[in-house]
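Contents: one structure, followed by commentary.
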Amino acid sequence: MVEETMLEPIVIAIDGPSGAGKGAVTHELALRTGFHILDSGALYRLTGLAVRQDAVSFSDETGIAAVAANLDVAFLPVTGQPEPFKVTLRGEDVTDRIRTDAAGVDASVVAALPLVRSSLEQLQRRFRRAPGLIADGRDMGTVIFTDATVKIFLTASAEIRAERRYKQLKNKGMDVSLAALLESIRDRDARDATRAVAPLKPAEDAIIIDSSHLSLQAVHEAVWAVVAENALSDANDFI
Ligand code: DC
């Protein structure tokens, strides 16, 4: 049973760098608990895509913030897919388009702009609904949901994350270079961790899980143990 909070539905924050496995963990937790999902990275990716569609300059912070404030997006749940939902922008299915490496780089650039981050704050908080929310991002525990019941910082070395991404893209038949992916991951980490606003870092009360040498199953188990201990009075109710 979910612990009673008189105030708001509980939040489980899953933060960490790109490729640490947050998406898979979030999806699995949502299946087990029936909680909603906030994929905050998708909102930055969608902002980057909308900025390109509107031909707004990537140096025009006010213009990009206006695009972010008026994002016409929907997350439509789907079952039996690797992704938990179909994502639309202005009514168009962009689920695959926002997952490319280029879309990730655009997202990381717009995410460094303070006005863009504040434009997206309220939208992110509106995802908090009963019975609870699994929030995936970089600043879920440090900025957006500082009162989250559980804060997990899921990380892995840059080399391991690059290798995982390489295998994923190869399996999709894409021609990619491991060295280029590693460089892109390192650049993105540096940009995300050194920006002035909401830099990527664990919340003081976060539990850090390093997935570098864990199988996906072992990561799920480690995360579930933390969630069960801290947020659920009887984890078996969700299995
Ligand atoms: O999790 P992701 O790879 O979809 O995120 C894409 C980019 O968005 C990432 O480089 C950093 C940024 N981001 C952020 O700054 N804050 C968040 N809460 C989520 C993502």
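In the structure tokens, the first chain shown is A, the next is B, and so on; residue numbers restart at 1 for each chain, and ligands run from 1 in the order shown.
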Can you tell me, as a PyMOL selection string, which residues in range 70-232 of chain A count as alpha helix (DSSP H) by DSSP? chain A and resi 101-111+114-125+158-171+178-194+216-230
Could you report the residues within 9 Å of ligand 1, using only C-alpha atoms and all ligand atoms, as a ChimeraX atom specification? /A:15-19,22-23,39-45,98-99,101,103-112,117,135-140,143-144,185,188-189,191-192,198-200
Go through A:Ala158, A:His27, A:Arg186, A:Gly48 and flag the residue nearest Glu61 in chain A, using only C-alpha atoms for the distances. A:Gly48
Can you tell me, as a PyMOL selection string, what residues are no more than 10 Å from Val219 in chain A when counting only C-alpha atoms, ignoring any on the same chain fewer than 3 positions away? chain A and resi 21-22+24-25+154+209-216+222-225
Mind dumping the selected residues with N, CA, C and O atoms as a PDB file, in the first residue's frame?
```pdb
ATOM      1  N   GLY A  21      20.541   4.110 -17.774  1.00  0.00           N
ATOM      2  CA  GLY A  21      19.456   3.130 -17.644  1.00  0.00           C
ATOM      3  C   GLY A  21      18.220   3.681 -16.957  1.00  0.00           C
ATOM      4  O   GLY A  21      17.336   2.918 -16.563  1.00  0.00           O
ATOM      5  N   LYS A  22      18.140   5.008 -16.828  1.00  0.00           N
ATOM      6  CA  LYS A  22      16.985   5.606 -16.121  1.00  0.00           C
ATOM      7  C   LYS A  22      15.659   5.278 -16.798  1.00  0.00           C
ATOM      8  O   LYS A  22      14.670   5.008 -16.129  1.00  0.00           O
ATOM      9  N   ALA A  24      14.752   2.687 -18.650  1.00  0.00           N
ATOM     10  CA  ALA A  24      14.306   1.307 -18.424  1.00  0.00           C
ATOM     11  C   ALA A  24      13.831   1.126 -16.988  1.00  0.00           C
ATOM     12  O   ALA A  24      12.815   0.468 -16.716  1.00  0.00           O
ATOM     13  N   VAL A  25      14.565   1.731 -16.048  1.00  0.00           N
ATOM     14  CA  VAL A  25      14.195   1.616 -14.633  1.00  0.00           C
ATOM     15  C   VAL A  25      12.845   2.295 -14.372  1.00  0.00           C
ATOM     16  O   VAL A  25      11.975   1.762 -13.683  1.00  0.00           O
ATOM     17  N   LEU A 154      21.090   7.378 -10.561  1.00  0.00           N
ATOM     18  CA  LEU A 154      21.556   6.186 -11.269  1.00  0.00           C
ATOM     19  C   LEU A 154      22.668   6.595 -12.223  1.00  0.00           C
ATOM     20  O   LEU A 154      22.459   7.452 -13.088  1.00  0.00           O
ATOM     21  N   ILE A 209      23.199   4.709  -7.166  1.00  0.00           N
ATOM     22  CA  ILE A 209      23.359   3.329  -7.661  1.00  0.00           C
ATOM     23  C   ILE A 209      24.222   3.399  -8.919  1.00  0.00           C
ATOM     24  O   ILE A 209      23.870   4.106  -9.868  1.00  0.00           O
ATOM     25  N   ASP A 210      25.353   2.705  -8.901  1.00  0.00           N
ATOM     26  CA  ASP A 210      26.234   2.676 -10.071  1.00  0.00           C
ATOM     27  C   ASP A 210      25.940   1.398 -10.851  1.00  0.00           C
ATOM     28  O   ASP A 210      26.174   0.289 -10.340  1.00  0.00           O
ATOM     29  N   SER A 211      25.410   1.568 -12.061  1.00  0.00           N
ATOM     30  CA  SER A 211      24.991   0.397 -12.843  1.00  0.00           C
ATOM     31  C   SER A 211      26.108  -0.148 -13.741  1.00  0.00           C
ATOM     32  O   SER A 211      25.869  -1.079 -14.498  1.00  0.00           O
ATOM     33  N   SER A 212      27.328   0.416 -13.638  1.00  0.00           N
ATOM     34  CA  SER A 212      28.402   0.035 -14.579  1.00  0.00           C
ATOM     35  C   SER A 212      28.592  -1.472 -14.689  1.00  0.00           C
ATOM     36  O   SER A 212      28.780  -1.995 -15.777  1.00  0.00           O
ATOM     37  N   HIS A 213      28.580  -2.150 -13.533  1.00  0.00           N
ATOM     38  CA  HIS A 213      28.874  -3.586 -13.576  1.00  0.00           C
ATOM     39  C   HIS A 213      27.686  -4.431 -13.153  1.00  0.00           C
ATOM     40  O   HIS A 213      27.840  -5.532 -12.630  1.00  0.00           O
ATOM     41  N   LEU A 214      26.478  -3.893 -13.371  1.00  0.00           N
ATOM     42  CA  LEU A 214      25.264  -4.632 -13.016  1.00  0.00           C
ATOM     43  C   LEU A 214      24.479  -4.959 -14.283  1.00  0.00           C
ATOM     44  O   LEU A 214      24.436  -4.141 -15.211  1.00  0.00           O
ATOM     45  N   SER A 215      23.843  -6.132 -14.289  1.00  0.00           N
ATOM     46  CA  SER A 215      22.940  -6.450 -15.396  1.00  0.00           C
ATOM     47  C   SER A 215      21.693  -5.589 -15.208  1.00  0.00           C
ATOM     48  O   SER A 215      21.449  -5.063 -14.110  1.00  0.00           O
ATOM     49  N   LEU A 216      20.903  -5.470 -16.273  1.00  0.00           N
ATOM     50  CA  LEU A 216      19.668  -4.673 -16.161  1.00  0.00           C
ATOM     51  C   LEU A 216      18.773  -5.230 -15.054  1.00  0.00           C
ATOM     52  O   LEU A 216      18.191  -4.487 -14.265  1.00  0.00           O
ATOM     53  N   ALA A 222      17.984  -3.647  -7.495  1.00  0.00           N
ATOM     54  CA  ALA A 222      18.575  -2.683  -6.557  1.00  0.00           C
ATOM     55  C   ALA A 222      17.638  -1.483  -6.373  1.00  0.00           C
ATOM     56  O   ALA A 222      17.414  -1.012  -5.247  1.00  0.00           O
ATOM     57  N   VAL A 223      17.067  -1.020  -7.475  1.00  0.00           N
ATOM     58  CA  VAL A 223      16.169   0.141  -7.407  1.00  0.00           C
ATOM     59  C   VAL A 223      14.899  -0.241  -6.650  1.00  0.00           C
ATOM     60  O   VAL A 223      14.424   0.499  -5.775  1.00  0.00           O
ATOM     61  N   TRP A 224      14.376  -1.425  -6.958  1.00  0.00           N
ATOM     62  CA  TRP A 224      13.136  -1.838  -6.305  1.00  0.00           C
ATOM     63  C   TRP A 224      13.337  -1.966  -4.795  1.00  0.00           C
ATOM     64  O   TRP A 224      12.458  -1.596  -4.006  1.00  0.00           O
ATOM     65  N   ALA A 225      14.499  -2.461  -4.398  1.00  0.00           N
ATOM     66  CA  ALA A 225      14.768  -2.607  -2.957  1.00  0.00           C
ATOM     67  C   ALA A 225      14.723  -1.235  -2.276  1.00  0.00           C
ATOM     68  O   ALA A 225      14.147  -1.091  -1.192  1.00  0.00           O
TER      69      ALA A 225
END
```
Just the residues within 12 Å of Leu31 in chain A, please, counting only C-alpha atoms, with nothing from its chain fewer than 2 positions along; format it as a PyMOL selection string. chain A and resi 24-29+33-37+77-80+83-84+133-134+220+224+238-239
Leaving out range 171-180 of chain A and any residue of its chain fewer than 5 positions from it, which residues lie within 8 Å of it when counting only C-alpha atoms, given as a PyMOL selection string? chain A and resi 162-163+166
Rounded to one decimal in Å, what is the spacing between CA of Ala55 in chain A and CA of Leu169 in chain A?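 That distance, rounded to one decimal, is 28.3 Å.
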When DSSP is applied to the backbone of this structure, which of range 13-77 of chain A are assigned strand (DSSP E)? Write them out as a PyMOL selection string. chain A and resi 13-15+36-39+73-77
Identify which of the residues A:Ile160, A:Asp54, A:Ser119, A:Ala20 lies closest to Ile208 in chain A, counting only C-alpha atoms when measuring atom-to-atom distances.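 Checking each of A:Ile160, A:Asp54, A:Ser119, A:Ala20 against Ile208 in chain A, counting only C-alpha atoms, the winner is A:Ala20.
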In Å, how far is it from CA of Ala102 in chain A to CA of Lys151 in chain A? 28.8 Å
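Between Phe153 in chain A and the residues A:Asp72, A:Asp187, A:Glu204, A:Glu229, the shortest atom-to-atom distance, using only C-alpha atoms, involves A:Glu204.
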